[in-house]
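Asks: Sharing upload-v1.pdb (PDB, C-alpha atoms, pLDDT in the B column) below.
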```pdb
ATOM      1  CA  MET X1105      22.893  -1.425  11.396  1.00 79.00           C
ATOM      2  CA  PRO X1106      19.394  -1.197   9.920  1.00 88.00           C
ATOM      3  CA  ARG X1107      17.023  -3.821  11.288  1.00 95.00           C
ATOM      4  CA  TYR X1108      15.307  -4.232   7.908  1.00 98.00           C
ATOM      5  CA  ASP X1109      16.257  -3.938   4.266  1.00 98.00           C
ATOM      6  CA  ALA X1110      13.222  -1.767   3.631  1.00 98.00           C
ATOM      7  CA  ILE X1111      10.131  -0.306   5.267  1.00 98.00           C
ATOM      8  CA  LEU X1112       7.006  -0.452   3.093  1.00 99.00           C
ATOM      9  CA  ILE X1113       4.102   1.939   3.580  1.00 98.00           C
ATOM     10  CA  PRO X1114       0.881   1.157   1.673  1.00 98.00           C
ATOM     11  CA  GLY X1115      -1.031   4.086   0.222  1.00 96.00           C
ATOM     12  CA  GLY X1116      -3.927   5.558   2.132  1.00 96.00           C
ATOM     13  CA  GLY X1117      -5.142   8.541   0.148  1.00 97.00           C
ATOM     14  CA  VAL X1118      -4.084  12.047  -0.780  1.00 97.00           C
ATOM     15  CA  ARG X1119      -6.048  15.282  -0.821  1.00 97.00           C
ATOM     16  CA  GLU X1120      -5.993  18.520  -2.819  1.00 96.00           C
ATOM     17  CA  GLY X1121      -2.582  20.115  -3.008  1.00 95.00           C
ATOM     18  CA  GLY X1122      -0.878  16.886  -1.929  1.00 96.00           C
ATOM     19  CA  ALA X1123      -2.154  17.056   1.666  1.00 97.00           C
ATOM     20  CA  LEU X1124      -2.140  13.685   3.411  1.00 98.00           C
ATOM     21  CA  PRO X1125      -4.898  12.307   5.668  1.00 97.00           C
ATOM     22  CA  THR X1126      -4.064  11.981   9.353  1.00 96.00           C
ATOM     23  CA  TRP X1127      -3.906   8.176   9.181  1.00 97.00           C
ATOM     24  CA  VAL X1128      -1.345   8.292   6.369  1.00 98.00           C
ATOM     25  CA  LYS X1129       0.815  10.801   8.225  1.00 98.00           C
ATOM     26  CA  ARG X1130       0.665   8.539  11.264  1.00 98.00           C
ATOM     27  CA  ARG X1131       2.087   5.653   9.189  1.00 98.00           C
ATOM     28  CA  LEU X1132       4.850   7.875   7.865  1.00 98.00           C
ATOM     29  CA  ASP X1133       5.641   9.338  11.284  1.00 98.00           C
ATOM     30  CA  TRP X1134       6.056   5.842  12.696  1.00 98.00           C
ATOM     31  CA  ALA X1135       8.391   4.903   9.841  1.00 98.00           C
ATOM     32  CA  ILE X1136      10.453   8.006  10.601  1.00 98.00           C
ATOM     33  CA  GLN X1137      10.586   7.039  14.268  1.00 98.00           C
ATOM     34  CA  VAL X1138      11.627   3.409  13.816  1.00 97.00           C
ATOM     35  CA  GLN X1139      13.873   3.643  10.765  1.00 97.00           C
ATOM     36  CA  GLN X1140      17.599   3.122  11.221  1.00 97.00           C
ATOM     37  CA  GLY X1141      18.827   3.918   7.753  1.00 96.00           C
ATOM     38  CA  GLU X1142      16.568   1.476   5.865  1.00 97.00           C
ATOM     39  CA  TYR X1143      15.094   2.293   2.506  1.00 98.00           C
ATOM     40  CA  ILE X1144      11.513   3.464   2.836  1.00 98.00           C
ATOM     41  CA  LEU X1145       9.136   2.473   0.045  1.00 99.00           C
ATOM     42  CA  THR X1146       6.037   4.614  -0.368  1.00 98.00           C
ATOM     43  CA  LEU X1147       3.381   2.772  -2.322  1.00 98.00           C
ATOM     44  CA  SER X1148       0.428   3.607  -4.588  1.00 98.00           C
ATOM     45  CA  ALA X1149      -0.437   5.784  -7.539  1.00 98.00           C
ATOM     46  CA  GLY X1150      -3.926   6.405  -6.201  1.00 97.00           C
ATOM     47  CA  THR X1151      -7.261   4.669  -5.816  1.00 97.00           C
ATOM     48  CA  VAL X1152     -10.015   3.473  -8.122  1.00 96.00           C
ATOM     49  CA  HIS X1153     -12.600   4.962  -5.767  1.00 95.00           C
ATOM     50  CA  LYS X1154     -12.106   8.634  -6.610  1.00 94.00           C
ATOM     51  CA  PRO X1155     -10.265  10.786  -9.163  1.00 95.00           C
ATOM     52  CA  PRO X1156      -6.768  11.915  -8.168  1.00 95.00           C
ATOM     53  CA  PRO X1157      -6.129  15.481  -7.075  1.00 97.00           C
ATOM     54  CA  VAL X1158      -4.015  17.509  -9.472  1.00 97.00           C
ATOM     55  CA  ASP X1159      -1.216  20.009  -8.958  1.00 96.00           C
ATOM     56  CA  GLU X1160      -1.067  23.602 -10.175  1.00 95.00           C
ATOM     57  CA  ASN X1161      -0.079  22.347 -13.645  1.00 96.00           C
ATOM     58  CA  ALA X1162      -2.995  19.864 -13.799  1.00 96.00           C
ATOM     59  CA  PHE X1163      -0.774  16.815 -13.372  1.00 97.00           C
ATOM     60  CA  PRO X1164      -2.080  14.055 -11.062  1.00 97.00           C
ATOM     61  CA  ILE X1165      -0.632  13.908  -7.572  1.00 98.00           C
ATOM     62  CA  PHE X1166       0.413  10.332  -6.797  1.00 98.00           C
ATOM     63  CA  GLU X1167      -0.163   9.125  -3.248  1.00 98.00           C
ATOM     64  CA  SER X1168       3.328   7.677  -3.010  1.00 98.00           C
ATOM     65  CA  VAL X1169       4.971  10.865  -4.253  1.00 98.00           C
ATOM     66  CA  ALA X1170       3.078  12.981  -1.721  1.00 98.00           C
ATOM     67  CA  ALA X1171       4.155  10.528   0.991  1.00 98.00           C
ATOM     68  CA  ALA X1172       7.762  10.618  -0.199  1.00 98.00           C
ATOM     69  CA  ASP X1173       7.725  14.420  -0.121  1.00 98.00           C
ATOM     70  CA  TYR X1174       6.468  14.254   3.475  1.00 98.00           C
ATOM     71  CA  LEU X1175       9.320  11.948   4.477  1.00 98.00           C
ATOM     72  CA  VAL X1176      11.936  14.167   2.891  1.00 98.00           C
ATOM     73  CA  ARG X1177      10.491  17.292   4.508  1.00 98.00           C
ATOM     74  CA  HIS X1178      10.788  15.506   7.845  1.00 98.00           C
ATOM     75  CA  GLY X1179      14.453  14.696   7.478  1.00 98.00           C
ATOM     76  CA  ILE X1180      14.657  11.391   5.597  1.00 98.00           C
ATOM     77  CA  ASP X1181      17.493  11.239   3.074  1.00 98.00           C
ATOM     78  CA  PRO X1182      15.816  11.328  -0.368  1.00 98.00           C
ATOM     79  CA  ARG X1183      18.303   8.716  -1.555  1.00 98.00           C
ATOM     80  CA  LYS X1184      16.664   6.330   0.911  1.00 98.00           C
ATOM     81  CA  VAL X1185      13.116   6.876  -0.371  1.00 98.00           C
ATOM     82  CA  LEU X1186      11.729   4.788  -3.245  1.00 98.00           C
ATOM     83  CA  VAL X1187       8.307   5.432  -4.753  1.00 98.00           C
ATOM     84  CA  GLU X1188       5.950   3.002  -6.466  1.00 98.00           C
ATOM     85  CA  THR X1189       3.436   4.657  -8.793  1.00 98.00           C
ATOM     86  CA  SER X1190       1.749   1.706 -10.515  1.00 98.00           C
ATOM     87  CA  SER X1191      -0.759   0.400  -7.970  1.00 98.00           C
ATOM     88  CA  TYR X1192      -4.351   1.369  -7.199  1.00 98.00           C
ATOM     89  CA  ASP X1193      -5.107  -0.955  -4.288  1.00 98.00           C
ATOM     90  CA  THR X1194      -3.373  -2.952  -1.555  1.00 98.00           C
ATOM     91  CA  ILE X1195      -2.905  -6.004  -3.750  1.00 98.00           C
ATOM     92  CA  GLY X1196      -1.134  -3.817  -6.271  1.00 98.00           C
ATOM     93  CA  ASN X1197       0.880  -2.189  -3.470  1.00 98.00           C
ATOM     94  CA  ALA X1198       2.334  -5.577  -2.547  1.00 98.00           C
ATOM     95  CA  TYR X1199       2.897  -6.860  -6.084  1.00 98.00           C
ATOM     96  CA  PHE X1200       4.369  -3.774  -7.699  1.00 98.00           C
ATOM     97  CA  ALA X1201       6.590  -3.076  -4.680  1.00 98.00           C
ATOM     98  CA  ARG X1202       7.977  -6.573  -5.081  1.00 98.00           C
ATOM     99  CA  VAL X1203       8.619  -6.527  -8.827  1.00 98.00           C
ATOM    100  CA  ILE X1204       9.738  -2.881  -9.096  1.00 98.00           C
ATOM    101  CA  HIS X1205      11.892  -2.503  -5.980  1.00 98.00           C
ATOM    102  CA  VAL X1206      12.148  -5.474  -3.627  1.00 98.00           C
ATOM    103  CA  ASP X1207      13.343  -8.171  -6.023  1.00 98.00           C
ATOM    104  CA  PRO X1208      15.646  -6.004  -8.177  1.00 98.00           C
ATOM    105  CA  ARG X1209      17.388  -4.658  -5.064  1.00 98.00           C
ATOM    106  CA  GLY X1210      17.530  -7.995  -3.298  1.00 97.00           C
ATOM    107  CA  PHE X1211      15.550  -6.802  -0.276  1.00 98.00           C
ATOM    108  CA  SER X1212      14.326  -9.661   1.897  1.00 98.00           C
ATOM    109  CA  ARG X1213      13.804  -8.383   5.456  1.00 98.00           C
ATOM    110  CA  LEU X1214      10.756  -6.133   5.190  1.00 98.00           C
ATOM    111  CA  LEU X1215       8.662  -4.124   7.634  1.00 98.00           C
ATOM    112  CA  VAL X1216       5.158  -3.148   6.513  1.00 98.00           C
ATOM    113  CA  ILE X1217       3.507  -0.253   8.367  1.00 98.00           C
ATOM    114  CA  THR X1218      -0.179   0.546   8.017  1.00 98.00           C
ATOM    115  CA  SER X1219      -3.264   1.571   9.982  1.00 98.00           C
ATOM    116  CA  ALA X1220      -5.089  -0.733  12.401  1.00 98.00           C
ATOM    117  CA  PHE X1221      -8.238  -0.775  10.227  1.00 98.00           C
ATOM    118  CA  HIS X1222      -6.133  -1.819   7.247  1.00 98.00           C
ATOM    119  CA  MET X1223      -3.777  -4.333   8.877  1.00 98.00           C
ATOM    120  CA  PRO X1224      -5.645  -7.690   8.710  1.00 98.00           C
ATOM    121  CA  ARG X1225      -6.140  -7.500   4.947  1.00 98.00           C
ATOM    122  CA  THR X1226      -2.719  -5.953   4.369  1.00 98.00           C
ATOM    123  CA  GLU X1227      -0.906  -8.725   6.212  1.00 98.00           C
ATOM    124  CA  SER X1228      -2.900 -11.392   4.373  1.00 98.00           C
ATOM    125  CA  ILE X1229      -2.084  -9.803   1.004  1.00 98.00           C
ATOM    126  CA  PHE X1230       1.629  -9.302   1.620  1.00 98.00           C
ATOM    127  CA  ARG X1231       2.139 -12.813   3.009  1.00 98.00           C
ATOM    128  CA  TRP X1232       0.327 -14.187  -0.040  1.00 98.00           C
ATOM    129  CA  VAL X1233       2.139 -12.127  -2.681  1.00 98.00           C
ATOM    130  CA  TYR X1234       5.592 -12.591  -1.123  1.00 98.00           C
ATOM    131  CA  GLY X1235       5.001 -16.313  -0.680  1.00 98.00           C
ATOM    132  CA  LEU X1236       4.500 -16.901  -4.404  1.00 98.00           C
ATOM    133  CA  ASP X1237       7.643 -18.348  -5.997  1.00 98.00           C
ATOM    134  CA  ALA X1238       9.728 -16.824  -3.239  1.00 96.00           C
ATOM    135  CA  PRO X1239      13.530 -16.855  -3.663  1.00 94.00           C
ATOM    136  CA  PRO X1240      15.481 -19.675  -1.973  1.00 92.00           C
ATOM    137  CA  ASN X1241      15.882 -17.874   1.341  1.00 92.00           C
ATOM    138  CA  GLY X1242      12.411 -16.335   1.142  1.00 95.00           C
ATOM    139  CA  TYR X1243      11.352 -13.052   2.679  1.00 98.00           C
ATOM    140  CA  GLU X1244      11.140 -12.087   6.324  1.00 98.00           C
ATOM    141  CA  LEU X1245       7.964 -10.038   6.733  1.00 98.00           C
ATOM    142  CA  TYR X1246       7.183  -7.943   9.785  1.00 98.00           C
ATOM    143  CA  PHE X1247       4.096  -5.829  10.399  1.00 98.00           C
ATOM    144  CA  GLU X1248       3.429  -2.863  12.659  1.00 98.00           C
ATOM    145  CA  GLN X1249       0.161  -0.960  12.881  1.00 98.00           C
ATOM    146  CA  VAL X1250      -0.610   2.595  13.926  1.00 98.00           C
ATOM    147  CA  THR X1251      -3.841   3.725  15.539  1.00 98.00           C
ATOM    148  CA  ASP X1252      -6.959   4.886  13.708  1.00 97.00           C
ATOM    149  CA  GLN X1253      -7.242   7.971  15.894  1.00 90.00           C
ATOM    150  CA  GLY X1254      -8.658  10.964  14.050  1.00 86.00           C
ATOM    151  CA  ILE X1255     -11.061   9.061  11.790  1.00 94.00           C
ATOM    152  CA  ASP X1256     -14.746   9.766  12.361  1.00 94.00           C
ATOM    153  CA  GLU X1257     -16.245   6.862  14.305  1.00 95.00           C
ATOM    154  CA  GLY X1258     -19.042   6.190  11.820  1.00 95.00           C
ATOM    155  CA  VAL X1259     -16.684   6.395   8.852  1.00 96.00           C
ATOM    156  CA  LEU X1260     -14.244   4.052  10.579  1.00 97.00           C
ATOM    157  CA  ARG X1261     -16.978   1.477  11.220  1.00 96.00           C
ATOM    158  CA  SER X1262     -17.903   1.582   7.532  1.00 96.00           C
ATOM    159  CA  ARG X1263     -14.295   1.052   6.494  1.00 97.00           C
ATOM    160  CA  VAL X1264     -13.759  -1.784   8.965  1.00 97.00           C
ATOM    161  CA  ASP X1265     -16.866  -3.517   7.612  1.00 96.00           C
ATOM    162  CA  LYS X1266     -15.599  -3.091   4.063  1.00 96.00           C
ATOM    163  CA  GLU X1267     -12.164  -4.396   5.003  1.00 97.00           C
ATOM    164  CA  ARG X1268     -13.734  -7.474   6.575  1.00 97.00           C
ATOM    165  CA  SER X1269     -15.825  -8.337   3.513  1.00 96.00           C
ATOM    166  CA  SER X1270     -12.886  -7.636   1.178  1.00 96.00           C
ATOM    167  CA  LEU X1271     -10.669  -9.948   3.221  1.00 97.00           C
ATOM    168  CA  GLN X1272     -13.183 -12.772   2.916  1.00 96.00           C
ATOM    169  CA  ARG X1273     -13.273 -12.401  -0.868  1.00 94.00           C
ATOM    170  CA  LEU X1274      -9.493 -12.270  -0.903  1.00 95.00           C
ATOM    171  CA  LEU X1275      -9.180 -15.549   0.989  1.00 94.00           C
ATOM    172  CA  ASP X1276     -11.329 -17.240  -1.653  1.00 94.00           C
ATOM    173  CA  ILE X1277      -9.032 -15.938  -4.403  1.00 96.00           C
ATOM    174  CA  GLN X1278      -5.846 -16.889  -2.577  1.00 96.00           C
ATOM    175  CA  GLY X1279      -6.909 -20.517  -2.483  1.00 93.00           C
ATOM    176  CA  LYS X1280      -6.922 -20.605  -6.297  1.00 95.00           C
ATOM    177  CA  ILE X1281      -3.576 -18.907  -6.975  1.00 97.00           C
ATOM    178  CA  GLY X1282      -0.313 -20.542  -5.976  1.00 96.00           C
ATOM    179  CA  THR X1283       2.320 -19.169  -8.366  1.00 98.00           C
ATOM    180  CA  LEU X1284       3.467 -15.738  -9.437  1.00 98.00           C
ATOM    181  CA  ARG X1285       2.510 -16.519 -13.015  1.00 98.00           C
ATOM    182  CA  GLN X1286      -1.051 -17.393 -11.943  1.00 98.00           C
ATOM    183  CA  PHE X1287      -1.170 -14.232  -9.888  1.00 98.00           C
ATOM    184  CA  HIS X1288      -0.030 -12.105 -12.837  1.00 98.00           C
ATOM    185  CA  GLU X1289      -2.615 -13.685 -15.119  1.00 98.00           C
ATOM    186  CA  TRP X1290      -5.386 -13.105 -12.571  1.00 98.00           C
ATOM    187  CA  LEU X1291      -4.313  -9.526 -11.820  1.00 98.00           C
ATOM    188  CA  PHE X1292      -4.351  -8.395 -15.425  1.00 98.00           C
ATOM    189  CA  SER X1293      -7.378 -10.358 -16.578  1.00 97.00           C
ATOM    190  CA  GLU X1294      -9.770 -10.400 -13.608  1.00 96.00           C
ATOM    191  CA  HIS X1295      -8.899  -7.488 -11.321  1.00 97.00           C
ATOM    192  CA  GLY X1296     -10.904  -4.371 -12.132  1.00 96.00           C
ATOM    193  CA  ALA X1297      -8.049  -1.962 -11.391  1.00 96.00           C
ATOM    194  CA  TYR X1298      -5.637  -3.559 -13.883  1.00 98.00           C
ATOM    195  CA  SER X1299      -7.590  -5.526 -16.496  1.00 97.00           C
ATOM    196  CA  VAL X1300      -8.455  -3.810 -19.778  1.00 96.00           C
ATOM    197  CA  SER X1301     -11.658  -5.863 -20.039  1.00 93.00           C
ATOM    198  CA  MET X1302     -13.106  -5.078 -16.612  1.00 89.00           C
ATOM    199  CA  ARG X1303     -14.168  -2.012 -14.677  1.00 88.00           C
ATOM    200  CA  PRO X1304     -13.329  -1.527 -11.011  1.00 88.00           C
ATOM    201  CA  SER X1305     -15.919  -1.754  -8.290  1.00 86.00           C
ATOM    202  CA  ARG X1306     -16.057   1.668  -6.665  1.00 89.00           C
ATOM    203  CA  ALA X1307     -16.878   2.337  -3.034  1.00 87.00           C
ATOM    204  CA  ALA X1308     -19.801   4.589  -2.203  1.00 86.00           C
ATOM    205  CA  GLY X1309     -21.094   6.338   0.889  1.00 91.00           C
ATOM    206  CA  GLN X1310     -19.124   7.686   3.811  1.00 90.00           C
ATOM    207  CA  VAL X1311     -16.436   5.002   3.498  1.00 93.00           C
ATOM    208  CA  ILE X1312     -15.089   6.978   0.545  1.00 93.00           C
ATOM    209  CA  ASP X1313     -13.673   9.448   3.073  1.00 92.00           C
ATOM    210  CA  THR X1314     -11.046   6.863   4.037  1.00 94.00           C
ATOM    211  CA  TYR X1315      -9.526   6.779   0.542  1.00 95.00           C
TER     212      TYR X1315
END
```
How does this structure look as structure tokens?

Replies:
Amino acid sequence: MPRYDAILIPGGGVREGGALPTWVKRRLDWAIQVQQGEYILTLSAGTVHKPPPVDENAFPIFESVAAADYLVRHGIDPRKVLVETSSYDTIGNAYFARVIHVDPRGFSRLLVITSAFHMPRTESIFRWVYGLDAPPNGYELYFEQVTDQGIDEGVLRSRVDKERSSLQRLLDIQGKIGTLRQFHEWLFSEHGAYSVSMRPSRAAGQVIDTY
């Protein structure tokens, strides 16, 4: 029997032609290795930090679709792969996965797989989002990280620093939001990736190579 209802894989970038960065493939490879028939949810439309690559017909290539294609090419039953194409950051990964797939399908036992550099903020976000107005039996959240091997050392340091500062800002926000309704209001009025009245803060410098 599957150990989880679903395995969730946050987005981590996509390159020209739908090629995936090494750290994203490592997340997907680990999901392939540990899965026992669970649904696998690939998350993210893209990122606010750079324009999306496009296919030969000039349509954008979604991160989650490229990841789903990778899973299917490596033997995962396409009927067990669900994509989420609404989010542009990790907060959106957690929220849109919940409202689009997790809650409608009644998933509750969830494994989240991401990179080591990304894990502290990811775990904080998912525990926050899935703790808001949780169903009576709640969610069981599990987290497994893969290594950051293959990322340039200087680039990795920049990303780790950015993750640390982003996590601190996140903790300040979490203390003010305790319900799903409050979260929804904040997301669509104060978050630069989703509010019509704000513009996202874009990363600059070598850290952009990790998106």

Asks: Rank X:Val1250, X:Asp1159, X:Ala1198, X:Ser1270 by their smallest atom-to-atom distance to Asp1133 in chain X, using all atoms listed in the file, and report the top residue only.

Replies: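 Among the listed residues, X:Val1250 lies closest to Asp1133 in chain X.
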
Asks: From the list X:Pro1239, X:Pro1304, X:Pro1182, X:Gly1150, which residue is nearest Arg1202 in chain X when using only C-alpha atoms?

Replies: X:Pro1239

Asks: I need every residue sitting at most 12 Å from the point (-13.5, -0.8, -8.7) (coordinates as in the file, only C-alpha atoms considered), written as a list of chain:residue names.

Replies: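 Applying the cut-off with only C-alpha atoms, one gets X:Thr1151, X:Val1152, X:His1153, X:Lys1154, X:Tyr1192, X:Asp1193, X:Glu1294, X:His1295, X:Gly1296, X:Ala1297, X:Tyr1298, X:Ser1299, X:Met1302, X:Arg1303, X:Pro1304, X:Ser1305, X:Arg1306, X:Ala1307, X:Ala1308.
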
Asks: Could you state which residues are captured by the PyMOL selection byres ((chain X and resi 1217) around 12) in this file, as a ChimeraX atom specification?

Replies: /X:1110-1116,1127-1139,1144-1147,1214-1216,1218-1224,1226-1227,1230,1245-1251

Asks: Go through X:Val1118, X:Ala1238, X:Val1300, X:Val1264 one by one, measure the shortest atom-to-atom distance of each to Gly1282 in chain X using only C-alpha atoms, and give the residue with the smallest value.

Replies: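 The shortest atom-to-atom distance to Gly1282 in chain X comes from X:Ala1238.
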
Asks: Hey, can you check how far CA of Val1158 in chain X sits from CA of Arg1225 in chain X?

Replies: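 Atom-to-atom, CA of Val1158 in chain X and CA of Arg1225 in chain X are spaced 28.9 Å apart.
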
Asks: Separation of CA of Gln1310 in chain X and CA of Arg1263 in chain X, in Å?

Replies: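 CA of Arg1263 in chain X lies 8.6 Å from CA of Gln1310 in chain X.
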
Asks: Leaving out Leu1271 in chain X and any residue of its chain fewer than 3 positions from it, which residues lie within 9 Å of it when counting only C-alpha atoms, given as a list of chain:residue names?

Replies: X:Pro1224, X:Arg1225, X:Thr1226, X:Ser1228, X:Ile1229, X:Lys1266, X:Glu1267, X:Arg1268, X:Leu1274, X:Leu1275, X:Asp1276

Asks: Do you have the CA of Leu1236 in chain X-CA of Ala1172 in chain X distance handy?

Replies: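 Atom-to-atom, CA of Leu1236 in chain X and CA of Ala1172 in chain X are spaced 28.0 Å apart.
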
Asks: I want to know what sits within 8 Å of Gly1141 in chain X, based on only C-alpha atoms, with residues of the same chain fewer than 4 positions away left out; could you give that as a list of chain:residue names?

Replies: X:Met1105, X:Pro1106, X:Lys1184

Asks: Using 6 Å of padding on each side, determine the axis-aligned box around all atoms of range 1169-1180 of chain X present in the file and give its centre and edge lengths in Å to one decimal, as JSON.

Replies:
```
{"center_x": 8.9, "center_y": 13.9, "center_z": 1.8, "size_x": 23.6, "size_y": 18.8, "size_z": 24.1}
```

Asks: Which one is closest to Ser1262 in chain X: X:Val1185, X:Val1203, X:Val1311, X:Ala1170? Count all atoms listed in the file.

Replies: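 Of the candidates, the smallest distance to Ser1262 in chain X is held by X:Val1311.
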
Asks: Could you check which of X:Gly1210, X:Gln1272, X:Pro1157, X:Pro1125 is closest to Pro1240 in chain X, using only C-alpha atoms?

Replies: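 Ranking X:Gly1210, X:Gln1272, X:Pro1157, X:Pro1125 by distance to Pro1240 in chain X, first place goes to X:Gly1210.
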
Asks: Considering all atoms listed in the file, state which residue in the set X:Ser1212, X:Thr1126, X:Thr1283, X:Ser1269 is at the smallest distance from Asn1241 in chain X.

Replies: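 For Asn1241 in chain X, the nearest of the given residues is X:Ser1212.
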
Asks: I would like the residues chosen by the PyMOL selection byres ((chain X and resi 1284) around 10) on the shown file; could you give them as a ChimeraX atom specification?

Replies: /X:1199,1233-1238,1281-1283,1285-1290

Asks: Output as JSON lines one row per residue of range 1169-1246 of chain X within 10 Å of range 1120-1124 of chain X: the closest atom pair and its distance in Å to one decimal place, counting all atoms listed in the file, sorted by chain and residue number ascending.

Replies:
```
{"residue": "X:Val1169", "atom": "CA", "partner": "X:Gly1122", "partner_atom": "CA", "distance": 8.7}
{"residue": "X:Ala1170", "atom": "CA", "partner": "X:Gly1122", "partner_atom": "CA", "distance": 5.6}
{"residue": "X:Ala1171", "atom": "CA", "partner": "X:Leu1124", "partner_atom": "CA", "distance": 7.4}
{"residue": "X:Asp1173", "atom": "CA", "partner": "X:Gly1122", "partner_atom": "CA", "distance": 9.1}
{"residue": "X:Tyr1174", "atom": "CA", "partner": "X:Leu1124", "partner_atom": "CA", "distance": 8.6}
```
